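The file structure-v4.txt contains compact mmCIF, C-alpha atoms:
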```txt
# COMPACT_ATOMS: atom_id res chain seq x y z
CA MET A 203 135.78 110.66 97.39
CA SER A 204 133.61 113.18 99.23
CA GLU A 205 134.23 114.37 102.81
CA PRO A 206 132.64 112.08 105.39
CA ILE A 207 129.71 113.33 107.46
CA LYS A 208 130.93 113.33 111.06
CA THR A 209 128.54 112.43 113.84
CA ASP A 210 128.55 111.02 117.36
CA VAL A 211 126.15 108.23 116.55
CA LEU A 212 124.91 106.76 113.30
CA ILE A 213 121.58 104.96 113.62
CA ILE A 214 120.71 102.39 110.98
CA GLY A 215 116.94 102.22 110.63
CA ALA A 216 114.39 104.98 111.22
CA GLY A 217 111.62 102.83 112.69
CA PRO A 218 110.10 103.56 116.11
CA VAL A 219 113.08 102.19 118.02
CA GLY A 220 115.64 104.09 115.91
CA LEU A 221 113.60 107.26 116.45
CA PHE A 222 113.42 106.79 120.21
CA ALA A 223 117.18 106.17 120.26
CA VAL A 224 117.55 109.75 118.97
CA PHE A 225 115.70 110.88 122.09
CA GLU A 226 117.72 108.87 124.61
CA LEU A 227 121.03 109.74 122.94
CA GLY A 228 119.97 113.37 122.59
CA LEU A 229 119.28 113.70 126.32
CA LEU A 230 122.88 112.66 126.85
CA ASP A 231 124.16 115.24 124.34
CA MET A 232 124.93 112.90 121.49
CA LYS A 233 124.25 114.02 117.93
CA THR A 234 122.65 111.54 115.58
CA HIS A 235 122.23 110.80 111.89
CA LEU A 236 119.77 108.13 110.72
CA VAL A 237 119.90 106.11 107.52
CA ASP A 238 116.94 104.14 106.18
CA ILE A 239 116.41 102.22 102.98
CA LEU A 240 112.77 103.32 102.75
CA ASP A 241 111.68 106.65 101.29
CA LYS A 242 109.99 107.57 104.57
CA VAL A 243 110.56 107.56 108.30
CA GLY A 244 108.76 104.97 110.45
CA GLY A 245 109.99 101.57 109.29
CA GLN A 246 107.45 98.75 109.26
CA CYS A 247 104.94 100.94 111.10
CA ALA A 248 104.84 103.37 108.18
CA GLU A 249 105.45 100.92 105.35
CA LEU A 250 103.46 97.84 106.28
CA TYR A 251 100.63 98.86 108.59
CA PRO A 252 100.28 102.65 109.06
CA GLU A 253 96.53 102.41 109.72
CA LYS A 254 96.68 99.49 112.13
CA PRO A 255 96.07 100.23 115.80
CA ILE A 256 98.72 99.26 118.36
CA TYR A 257 97.44 98.53 121.87
CA ASP A 258 100.58 97.79 123.88
CA ILE A 259 102.48 101.05 123.95
CA PRO A 260 102.63 102.13 127.63
CA ALA A 261 100.18 104.94 128.40
CA LEU A 262 98.69 104.90 124.90
CA PRO A 263 95.64 102.61 125.05
CA LYS A 264 95.32 102.77 121.28
CA VAL A 265 97.53 104.40 118.68
CA SER A 266 97.81 103.87 114.93
CA ALA A 267 101.24 102.82 113.73
CA GLN A 268 101.60 106.06 111.78
CA GLY A 269 100.31 107.99 114.80
CA LEU A 270 103.08 106.47 116.90
CA VAL A 271 105.70 107.45 114.33
CA ASP A 272 104.34 111.01 114.15
CA ALA A 273 104.37 111.30 117.95
CA LEU A 274 107.96 110.05 118.13
CA LEU A 275 109.01 112.58 115.50
CA GLU A 276 107.42 115.29 117.63
CA GLN A 277 109.20 113.99 120.71
CA ILE A 278 112.67 113.96 119.11
CA LYS A 279 112.30 117.33 117.39
CA PRO A 280 114.51 119.16 119.96
CA PHE A 281 117.48 116.99 119.03
CA GLY A 282 117.70 117.87 115.34
CA ALA A 283 118.62 114.46 113.99
CA THR A 284 119.42 114.28 110.28
CA PHE A 285 117.66 111.69 108.13
CA HIS A 286 119.18 110.01 105.08
CA LEU A 287 116.36 108.15 103.34
CA ASN A 288 116.45 105.80 100.35
CA GLU A 289 119.91 104.68 101.36
CA MET A 290 121.26 101.38 102.55
CA ILE A 291 124.45 100.89 104.58
CA GLU A 292 126.79 98.70 102.56
CA LYS A 293 129.91 98.70 104.67
CA ILE A 294 131.12 99.46 108.21
CA GLU A 295 134.85 99.64 108.89
CA ARG A 296 136.47 100.17 112.24
CA ILE A 297 139.05 102.94 111.92
CA GLY A 298 139.56 103.98 115.57
CA GLU A 299 138.89 103.22 119.21
CA PRO A 300 136.04 103.27 118.57
CA LEU A 301 135.48 105.14 115.35
CA PHE A 302 133.71 103.75 112.35
CA ARG A 303 133.64 104.64 108.67
CA ILE A 304 130.27 103.80 107.18
CA THR A 305 129.47 103.71 103.46
CA THR A 306 125.99 103.70 101.93
CA ASP A 307 124.97 102.19 98.61
CA THR A 308 124.92 105.65 97.06
CA GLY A 309 128.53 106.22 98.14
CA LYS A 310 127.74 108.57 101.02
CA LEU A 311 130.36 108.39 103.79
CA PHE A 312 129.93 108.78 107.54
CA GLU A 313 132.35 108.80 110.41
CA ALA A 314 130.73 107.91 113.72
CA LYS A 315 132.02 107.05 117.17
CA VAL A 316 129.11 104.72 117.75
CA VAL A 317 126.84 102.75 115.40
CA VAL A 318 123.37 101.67 116.47
CA ILE A 319 121.66 99.03 114.35
CA ALA A 320 117.90 99.46 114.76
CA ALA A 321 117.05 97.76 111.51
CA GLY A 322 113.98 95.78 112.63
CA GLY A 323 113.43 92.82 110.35
CA GLY A 324 116.34 93.95 108.19
CA SER A 325 116.25 96.02 105.07
CA PHE A 326 113.20 96.17 102.85
CA GLN A 327 114.02 94.61 99.52
CA PRO A 328 111.95 93.72 96.49
CA LYS A 329 110.11 90.50 96.95
CA ARG A 330 111.07 87.61 94.75
CA PRO A 331 107.86 86.15 93.34
CA PRO A 332 107.49 82.44 94.05
CA ILE A 333 108.25 81.31 90.49
CA PRO A 334 110.28 78.12 90.16
CA GLY A 335 113.79 78.77 88.80
CA ILE A 336 113.57 82.56 88.90
CA GLU A 337 116.96 82.95 90.67
CA ALA A 338 118.85 81.64 87.65
CA HIS A 339 117.62 84.55 85.53
CA GLU A 340 118.17 87.37 88.01
CA ALA A 341 121.64 88.37 86.82
CA GLN A 342 120.58 88.95 83.22
CA SER A 343 116.87 88.99 82.55
CA VAL A 344 114.81 89.38 85.71
CA HIS A 345 114.95 92.85 87.26
CA TYR A 346 113.29 94.11 90.45
CA ALA A 347 114.09 97.75 89.82
CA VAL A 348 114.80 99.92 86.82
CA ARG A 349 118.07 101.83 87.13
CA GLN A 350 118.43 102.87 83.49
CA MET A 351 115.47 102.86 81.14
CA GLU A 352 117.81 102.88 78.14
CA LYS A 353 118.92 99.35 78.96
CA PHE A 354 115.45 98.23 77.96
CA ARG A 355 115.27 100.06 74.63
CA GLY A 356 113.89 97.83 71.91
CA GLN A 357 113.47 94.86 74.26
CA LYS A 358 110.43 92.67 74.67
CA ILE A 359 109.45 93.34 78.26
CA LEU A 360 107.04 91.54 80.57
CA ILE A 361 105.99 93.50 83.64
CA VAL A 362 104.25 91.50 86.37
CA GLY A 363 102.13 93.04 89.09
CA GLY A 364 99.19 95.32 89.73
CA GLY A 365 100.46 97.99 92.09
CA ASP A 366 101.89 101.46 91.54
CA SER A 367 105.40 100.25 90.70
CA ALA A 368 104.10 97.88 88.02
CA LEU A 369 101.84 100.55 86.52
CA ASP A 370 104.41 103.37 86.68
CA TRP A 371 107.03 101.29 84.94
CA THR A 372 104.50 100.10 82.37
CA LEU A 373 103.76 103.72 81.48
CA ASN A 374 107.42 104.78 81.53
CA LEU A 375 108.79 101.84 79.59
CA ALA A 376 106.00 101.54 76.99
CA PRO A 377 107.60 104.15 74.67
CA VAL A 378 111.07 102.62 75.09
CA ALA A 379 110.25 98.91 74.80
CA GLY A 380 110.16 96.97 71.55
CA HIS A 381 107.06 95.32 72.95
CA LEU A 382 105.53 95.44 76.40
CA THR A 383 103.13 93.10 78.14
CA LEU A 384 101.63 93.76 81.55
CA LEU A 385 100.58 90.64 83.44
CA HIS A 386 98.34 90.83 86.48
CA ARG A 387 96.29 88.29 88.39
CA ARG A 388 92.96 90.10 88.12
CA GLN A 389 91.07 92.96 86.54
CA GLU A 390 91.41 95.22 89.60
CA PHE A 391 94.63 97.13 90.17
CA ARG A 392 96.03 98.49 93.42
CA ALA A 393 97.51 101.50 91.66
CA ALA A 394 96.46 105.14 91.29
CA PRO A 395 93.31 105.27 89.13
CA ASP A 396 94.96 107.77 86.79
CA SER A 397 97.82 105.33 86.04
CA VAL A 398 95.33 102.52 85.48
CA ASN A 399 93.35 104.65 83.01
CA LYS A 400 96.50 105.64 81.14
CA MET A 401 97.57 102.00 80.97
CA LEU A 402 94.14 100.91 79.70
CA ALA A 403 94.31 103.63 77.04
CA LEU A 404 97.63 102.20 75.83
CA VAL A 405 96.02 98.75 75.69
CA ASP A 406 93.06 100.13 73.69
CA ALA A 407 95.44 101.88 71.30
CA GLY A 408 97.22 98.57 70.72
CA LYS A 409 100.49 99.93 72.12
CA ILE A 410 100.83 97.35 74.91
CA ASP A 411 99.25 94.02 75.85
CA LEU A 412 97.46 93.29 79.09
CA VAL A 413 97.18 89.65 80.16
CA LEU A 414 95.26 88.49 83.22
CA GLY A 415 96.86 85.46 84.81
CA GLN A 416 99.83 84.15 86.76
CA VAL A 417 103.32 83.03 85.78
CA THR A 418 103.79 79.26 85.96
CA GLY A 419 107.30 78.93 84.58
CA LEU A 420 110.23 80.54 82.81
CA GLU A 421 112.04 79.46 79.66
CA GLY A 422 115.54 80.34 78.61
CA GLU A 423 119.13 79.16 78.53
CA GLY A 424 122.15 80.23 80.55
CA GLY A 425 120.25 82.77 82.60
CA LYS A 426 118.89 84.49 79.50
CA LEU A 427 115.12 84.56 79.46
CA SER A 428 113.35 83.72 76.19
CA ALA A 429 109.73 83.28 77.24
CA VAL A 430 107.39 83.10 80.19
CA ASN A 431 104.56 80.63 80.54
CA VAL A 432 101.38 82.03 81.96
CA LYS A 433 98.16 80.45 83.15
CA ARG A 434 95.25 82.72 82.31
CA ASN A 435 92.36 83.05 84.69
CA ASP A 436 90.19 80.85 82.44
CA ASN A 437 92.89 78.16 82.90
CA SER A 438 94.15 78.48 79.32
CA SER A 439 97.90 78.83 78.89
CA VAL A 440 99.82 81.47 77.05
CA HIS A 441 103.46 81.64 76.10
CA ILE A 442 104.82 85.19 76.24
CA VAL A 443 108.08 85.71 74.36
CA CYS A 444 110.27 88.23 76.20
CA ASP A 445 113.85 89.35 76.83
CA ALA A 446 113.24 90.80 80.25
CA MET A 447 110.81 90.25 83.09
CA LEU A 448 110.17 92.92 85.73
CA PRO A 449 108.19 91.53 88.68
CA PHE A 450 106.82 94.08 91.15
CA PHE A 451 105.61 92.05 94.10
CA GLY A 452 106.14 94.52 96.90
CA LEU A 453 108.81 94.46 99.56
CA THR A 454 110.07 91.96 102.03
CA MET A 455 112.64 92.22 104.80
CA LYS A 456 116.09 90.69 104.52
CA LEU A 457 119.00 90.96 106.92
CA GLY A 458 121.01 92.20 103.92
CA PRO A 459 124.58 93.53 104.19
CA VAL A 460 124.49 93.43 108.05
CA ALA A 461 125.57 89.81 107.67
CA ASN A 462 128.91 90.94 106.17
CA TRP A 463 130.03 93.35 108.88
CA GLY A 464 131.75 90.79 111.06
CA ILE A 465 129.22 91.02 113.88
CA LYS A 466 128.22 87.85 115.69
CA LEU A 467 124.83 86.73 114.45
CA ALA A 468 122.28 84.32 115.85
CA GLY A 469 120.49 83.11 112.76
CA GLU A 470 118.94 86.13 111.08
CA LEU A 471 119.37 88.25 114.23
CA ILE A 472 122.21 90.01 116.02
CA ALA A 473 123.35 88.65 119.38
CA VAL A 474 123.66 91.31 122.12
CA ASP A 475 124.16 91.48 125.87
CA THR A 476 121.27 92.65 128.06
CA GLU A 477 123.16 95.35 129.94
CA LYS A 478 124.16 97.61 127.04
CA PHE A 479 122.69 95.87 124.00
CA GLU A 480 126.12 95.93 122.43
CA THR A 481 127.11 93.51 119.68
CA SER A 482 130.25 91.40 119.54
CA MET A 483 131.98 94.48 118.09
CA PRO A 484 132.53 97.16 120.77
CA GLY A 485 130.90 100.43 119.72
CA ILE A 486 128.26 98.78 117.56
CA PHE A 487 124.91 98.29 119.29
CA ALA A 488 121.77 96.51 118.11
CA ILE A 489 118.34 97.41 119.48
CA GLY A 490 114.75 96.50 118.62
CA ASP A 491 113.51 93.57 116.56
CA ILE A 492 116.90 92.90 114.96
CA ASN A 493 118.62 91.79 118.18
CA THR A 494 118.26 88.68 120.26
CA TYR A 495 119.09 87.65 123.83
CA PRO A 496 117.62 85.21 126.32
CA GLY A 497 114.00 86.18 126.89
CA LYS A 498 113.84 88.66 123.98
CA LEU A 499 110.36 89.81 123.01
CA LYS A 500 109.88 91.59 119.70
CA LEU A 501 107.85 94.43 121.14
CA ILE A 502 108.26 98.12 120.42
CA LEU A 503 108.37 98.79 124.16
CA SER A 504 111.31 96.39 124.55
CA GLY A 505 113.14 98.33 121.86
CA PHE A 506 112.52 101.59 123.75
CA HIS A 507 114.03 100.11 126.91
CA GLU A 508 117.02 98.82 124.94
CA ALA A 509 117.55 102.31 123.46
CA ALA A 510 117.75 103.87 126.94
CA LEU A 511 120.34 101.40 128.22
CA MET A 512 122.35 101.53 125.00
CA ALA A 513 122.62 105.33 125.31
CA GLN A 514 124.34 105.01 128.70
CA LYS A 515 127.18 102.95 127.23
CA ALA A 516 127.31 104.99 124.02
CA HIS A 517 127.93 108.05 126.19
CA ARG A 518 131.13 106.47 127.50
CA TYR A 519 132.43 106.01 123.96
CA VAL A 520 131.47 109.49 122.80
CA TYR A 521 132.57 111.31 125.98
CA PRO A 522 135.18 109.04 127.59
CA ASP A 523 136.23 111.74 130.08
CA LYS A 524 132.77 112.90 131.16
CA LYS A 525 130.98 111.49 134.16
CA LEU A 526 127.35 110.62 133.55
CA THR A 527 124.87 111.41 136.28
CA PHE A 528 121.45 109.87 136.05
CA GLN A 529 118.68 112.46 135.80
CA TYR A 530 114.91 112.60 135.39
CA THR A 531 113.17 114.75 132.77
CA THR A 532 110.58 115.67 135.41
CA SER A 533 113.08 117.43 137.65
CA SER A 534 116.36 118.08 135.82
CA THR A 535 116.65 121.63 134.52
CA SER A 536 119.53 120.63 132.27
CA LEU A 537 117.45 117.89 130.59
CA GLN A 538 114.52 120.28 130.31
CA LYS A 539 116.78 122.83 128.65
CA LYS A 540 117.78 120.23 126.05
CA LEU A 541 114.10 119.47 125.47
CA GLY A 542 113.42 123.14 124.94
CA VAL A 543 110.86 123.35 127.74
CA LYS A 544 112.91 125.55 130.10
CA MET B 211 86.17 73.52 120.24
CA PRO B 212 85.79 73.68 116.46
CA LYS B 213 88.03 71.35 114.51
CA ILE B 214 90.05 72.60 111.56
CA THR B 215 91.66 70.31 109.01
CA TYR B 216 94.78 71.38 107.13
CA ILE B 217 95.82 69.39 104.06
CA ASP B 218 99.26 70.07 102.59
CA SER B 219 100.15 70.03 98.90
CA THR B 220 101.19 66.38 99.11
CA GLY B 221 97.80 65.41 100.52
CA ALA B 222 98.88 64.84 104.13
CA SER B 223 96.13 65.93 106.49
CA ARG B 224 96.09 67.15 110.10
CA THR B 225 93.10 68.04 112.20
CA VAL B 226 93.50 70.33 115.19
CA GLU B 227 91.18 72.10 117.59
CA GLY B 228 90.92 75.85 117.35
CA ASN B 229 89.60 78.45 119.76
CA ILE B 230 86.62 80.50 118.76
CA GLY B 231 87.85 83.95 117.78
CA ALA B 232 91.37 82.78 116.89
CA THR B 233 92.34 82.88 113.25
CA VAL B 234 92.93 79.86 111.04
CA MET B 235 96.55 81.08 110.72
CA GLU B 236 97.13 81.37 114.49
CA THR B 237 95.64 77.94 115.02
CA ALA B 238 98.05 76.44 112.49
CA ILE B 239 101.09 78.15 114.02
CA ARG B 240 100.09 77.21 117.58
CA ASN B 241 99.77 73.58 116.54
CA ASN B 242 102.93 73.48 114.43
CA VAL B 243 100.98 72.77 111.27
CA PRO B 244 103.48 73.09 108.40
CA GLY B 245 102.80 74.93 105.15
CA ILE B 246 101.84 78.27 106.69
CA GLU B 247 104.60 80.79 107.34
CA ALA B 248 102.78 83.97 108.46
CA GLU B 249 105.85 86.16 108.02
CA CYS B 250 104.07 89.37 109.07
CA GLY B 251 102.42 87.83 112.11
CA GLY B 252 98.85 88.31 110.98
CA ALA B 253 98.77 91.95 109.88
CA CYS B 254 97.46 91.12 106.39
CA ALA B 255 100.79 92.54 105.19
CA CYS B 256 102.24 89.53 103.38
CA ALA B 257 100.79 86.52 101.63
CA THR B 258 102.55 83.71 103.42
CA CYS B 259 99.52 82.23 105.19
CA HIS B 260 97.75 81.53 101.90
CA VAL B 261 95.28 78.63 101.88
CA TYR B 262 92.68 77.17 99.54
CA ILE B 263 89.26 76.80 101.10
CA ASP B 264 87.57 73.44 100.52
CA GLU B 265 84.70 74.00 98.06
CA ALA B 266 82.12 72.81 100.61
CA TRP B 267 83.17 75.59 102.99
CA ARG B 268 83.53 78.56 100.67
CA GLU B 269 80.10 79.94 101.42
CA LYS B 270 80.66 79.82 105.18
CA THR B 271 84.13 81.47 105.11
CA GLY B 272 83.08 84.01 102.52
CA GLY B 273 85.51 85.65 100.12
CA PRO B 274 88.51 87.90 100.74
CA SER B 275 88.12 91.55 101.71
CA PRO B 276 89.45 94.09 99.16
CA MET B 277 92.63 94.55 101.22
CA GLU B 278 93.14 90.81 101.45
CA GLU B 279 92.49 90.48 97.71
CA ASP B 280 95.26 93.05 97.12
CA MET B 281 97.63 91.08 99.28
CA LEU B 282 96.76 87.85 97.46
CA ASP B 283 98.46 89.36 94.40
CA PHE B 284 101.71 88.38 96.12
CA GLY B 285 100.72 84.75 96.58
CA TYR B 286 101.74 81.74 94.52
CA ASP B 287 99.17 79.93 92.38
CA VAL B 288 96.24 82.00 93.60
CA ARG B 289 92.87 80.46 92.80
CA PRO B 290 89.23 81.51 93.16
CA ASN B 291 89.08 79.72 96.55
CA SER B 292 92.25 81.38 97.86
CA ARG B 293 92.18 83.16 101.22
CA LEU B 294 94.76 84.44 103.68
CA SER B 295 94.25 82.32 106.77
CA CYS B 296 95.08 85.21 109.13
CA GLN B 297 91.87 86.85 107.97
CA ILE B 298 89.56 83.95 108.79
CA LYS B 299 88.31 83.96 112.39
CA ILE B 300 87.12 80.65 113.76
CA THR B 301 83.45 80.50 114.70
CA GLU B 302 81.15 77.68 115.77
CA ALA B 303 79.88 77.60 112.18
CA LEU B 304 83.36 76.78 110.91
CA ASP B 305 83.63 73.56 112.96
CA GLY B 306 85.00 70.99 110.49
CA LEU B 307 86.54 73.55 108.10
CA VAL B 308 88.97 72.05 105.61
CA VAL B 309 91.75 74.10 104.02
CA THR B 310 94.63 73.11 101.75
CA THR B 311 98.01 74.83 101.84
CA PRO B 312 99.66 75.68 98.51
CA GLU B 313 102.86 74.12 97.23
CA ARG B 314 104.78 77.18 98.42
CA GLN B 315 104.14 80.38 100.33
CA GLY B 316 105.14 83.78 98.86
```

Here is a file; write its structure as structure tokens.
Amino acid sequence: MSEPIKTDVLIIGAGPVGLFAVFELGLLDMKTHLVDILDKVGGQCAELYPEKPIYDIPALPKVSAQGLVDALLEQIKPFGATFHLNEMIEKIERIGEPLFRITTDTGKLFEAKVVVIAAGGGSFQPKRPPIPGIEAHEAQSVHYAVRQMEKFRGQKILIVGGGDSALDWTLNLAPVAGHLTLLHRRQEFRAAPDSVNKMLALVDAGKIDLVLGQVTGLEGEGGKLSAVNVKRNDNSSVHIVCDAMLPFFGLTMKLGPVANWGIKLAGELIAVDTEKFETSMPGIFAIGDINTYPGKLKLILSGFHEAALMAQKAHRYVYPDKKLTFQYTTSSTSLQKKLGVK
Amino acid sequence: MPKITYIDSTGASRTVEGNIGATVMETAIRNNVPGIEAECGGACACATCHVYIDEAWREKTGGPSPMEEDMLDFGYDVRPNSRLSCQIKITEALDGLVVTTPERQG
């Protein structure tokens, strides 16, 4: 096992609230590492609605979601946080008072005195298409990601979707598959035009099939898929024989492994107090959309406030012997030094 | 106030009053009309407020925008009269609009 990465605070989720937590913790001299399952910083703001304007950030009458993320990144630059993207926290173990050992799904290890869960709506995970009975086939025949292309060698594959993931995997798996069919609802694709052209060339060359329609049902026994029934856009039906189905229907948010860490939950959310935004497990905090308390509002500005109060308590865990004096960035030379403006 | 009728997949129908400028999705949520989930809260970022527009109203509501059409790819049993209800703003002209919710949302 590799050496753990040691840090004062590990932040789970690099959305706006996780980013601002870097700022508040940084002002109080705490070093941070952030882990996010997405391939980019910014959470929902960057993944779901980067172009959408937000109107309720104090002092910013109008800012695009991506603009907000970019501004936060600028603001936290002095604190040198380290980002670990494309990784999901699998496990948190308490190994000290408080000290946590955190493991990601890629096997990366952290040791942190404080953990801050700023995971928003949870982790982004592939969306399960609304096809009756699909769950039964997920262990063997329905795959939402391709880990090893070789597993699909010689198989009859059905790829469903019209975005970049569907097109990329169509192009990558076409030479490996025994037979490949791409199924999409309509003639237009949401993918890069170059991928679409390459895919259409494969169709013209008779190397793959393209069917326009929607899945209506699955056939197979014991979790092993044998065929997929499809309704074409002209309402005719087609029966596509296949060993594997790969649906690419975008991402959705799920609470995910958080549910297994022994923290008190309130439905799909984490219960916290309103003084420190600490969970039922001392040393683990939850801020932003993922927490709940009486009167909670899922607003970015609420998450910012929660980050500031959380940092006060986190300081006591990280520096148990240091006294914390409250200071303003407008007047404190020590804070200004940390911000690099003095 | 314009009236909007929501019919669910079993045929049960509810008519509620909507404010001009509100969306058909918001109006459903505000009135506890079942069959519309609106997971993303109206950002056109999911497909869980999917409805079928009654044939008589299709001309007045118009069709989906390209972005909405993209998002409809994630819906269940999408048909030519499918729309995302968060993208339909209620106007005086839509008084009496009838929409049907699908058997399931994304």

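With distances restricted to only C-alpha atoms, A:Arg388 is the closest residue to chain B from A:Lys315, A:Arg388, A:Lys540, A:Lys242.
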
Enumerate as a PyMOL selection string the residues belonging to chain B that approach chain A to within 7 Å, with all atoms listed in the file taken into account.
chain B and resi 255+280+283-284+286+316

For C-alpha atoms, I'd like the residues from the last selection saved as a short mmCIF file (atom, residue, chain, number, x, y, z; two decimals), in the frame of the given file.
```cif
data_model
loop_
_atom_site.label_atom_id
_atom_site.label_comp_id
_atom_site.auth_asym_id
_atom_site.auth_seq_id
_atom_site.Cartn_x
_atom_site.Cartn_y
_atom_site.Cartn_z
CA ALA B 255 100.79 92.54 105.19
CA ASP B 280 95.26 93.05 97.12
CA ASP B 283 98.46 89.36 94.40
CA PHE B 284 101.71 88.38 96.12
CA TYR B 286 101.74 81.74 94.52
CA GLY B 316 105.14 83.78 98.86
#
```

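As for atom CA of A:Asp445 and atom CA of A:Leu373, they are spaced 18.2 Å apart.
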
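Remark: for B:His260, the closest of the candidate residues B:Thr215, B:Lys299, B:Met277, B:Thr310 is B:Thr310 (distances computed over only C-alpha atoms).
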
Could you state the separation of atom CA of A:Leu414 and atom CA of A:Leu385 in Å, given to one decimal place?
5.7 Å

Kindly provide, as a PyMOL selection string, the polymer residues lying within 12 Å of (116.4, 99.0, 113.9), counting all atoms listed in the file and using the coordinates exactly as they appear in the file.
chain A and resi 212-224+236-239+243-247+317-326+455+457+460+471-472+487-493+500+502+505-506+508-509

For stretch 510-512 of chain A, work out the shell of residues within 7 Å, counting all atoms listed in the file and skipping chain neighbours fewer than 3 positions away, then give it as a ChimeraX atom specification.
/A:226,477-479,506-507,515-516

In Å, rounded to a single decimal, give me how far atom CA of A:Thr305 is from atom CA of A:Ala513.
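It comes out at 23.0 Å.
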
Kindly provide, as a PyMOL selection string, the polymer residues lying within 12 Å of (93.2, 78.7, 120.6), counting all atoms listed in the file and using the coordinates exactly as they appear in the file.
chain B and resi 211-214+226-241+299-301

Can you write just those residues out, C-alpha atoms, as a PDB file, keeping the file's coordinate frame?
```pdb
ATOM      1  CA  MET B 211      86.170  73.520 120.240  1.00  0.00           C
ATOM      2  CA  PRO B 212      85.790  73.680 116.460  1.00  0.00           C
ATOM      3  CA  LYS B 213      88.030  71.350 114.510  1.00  0.00           C
ATOM      4  CA  ILE B 214      90.050  72.600 111.560  1.00  0.00           C
ATOM      5  CA  VAL B 226      93.500  70.330 115.190  1.00  0.00           C
ATOM      6  CA  GLU B 227      91.180  72.100 117.590  1.00  0.00           C
ATOM      7  CA  GLY B 228      90.920  75.850 117.350  1.00  0.00           C
ATOM      8  CA  ASN B 229      89.600  78.450 119.760  1.00  0.00           C
ATOM      9  CA  ILE B 230      86.620  80.500 118.760  1.00  0.00           C
ATOM     10  CA  GLY B 231      87.850  83.950 117.780  1.00  0.00           C
ATOM     11  CA  ALA B 232      91.370  82.780 116.890  1.00  0.00           C
ATOM     12  CA  THR B 233      92.340  82.880 113.250  1.00  0.00           C
ATOM     13  CA  VAL B 234      92.930  79.860 111.040  1.00  0.00           C
ATOM     14  CA  MET B 235      96.550  81.080 110.720  1.00  0.00           C
ATOM     15  CA  GLU B 236      97.130  81.370 114.490  1.00  0.00           C
ATOM     16  CA  THR B 237      95.640  77.940 115.020  1.00  0.00           C
ATOM     17  CA  ALA B 238      98.050  76.440 112.490  1.00  0.00           C
ATOM     18  CA  ILE B 239     101.090  78.150 114.020  1.00  0.00           C
ATOM     19  CA  ARG B 240     100.090  77.210 117.580  1.00  0.00           C
ATOM     20  CA  ASN B 241      99.770  73.580 116.540  1.00  0.00           C
ATOM     21  CA  LYS B 299      88.310  83.960 112.390  1.00  0.00           C
ATOM     22  CA  ILE B 300      87.120  80.650 113.760  1.00  0.00           C
ATOM     23  CA  THR B 301      83.450  80.500 114.700  1.00  0.00           C
TER      24      THR B 301
END
```

Taking into account all atoms listed in the file, which residue in the set A:Thr372, A:Asn437, A:Gln268, A:Thr481 is nearest to B:Pro290?
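Under the stated criterion, the closest residue is A:Asn437.
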
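Among B:Asn291, B:Asp305, B:Tyr216, B:Gly245, the residue with the shortest atom-to-atom distance to B:Arg268, counting only C-alpha atoms, is B:Asn291.
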
Nearest candidate to B:Ser223 (options B:Cys250, B:Cys256, B:Met281, B:Val243; using all atoms listed in the file)
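The answer is B:Val243, which sits nearest to B:Ser223.
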
Set the distance at 8 Å and use all atoms listed in the file: which residues neighbour A:Gln342 once local chain neighbours fewer than 2 positions away are removed? I'd like the list as a ChimeraX atom specification.
/A:339-340,344-345,425-427

Test item: residues at most 12 Å from A:Gln538, all atoms listed in the file, excluding those fewer than 4 positions along its chain, as an MDAnalysis selection string:
chainID A and resid 228:230 280 529:534 542:544
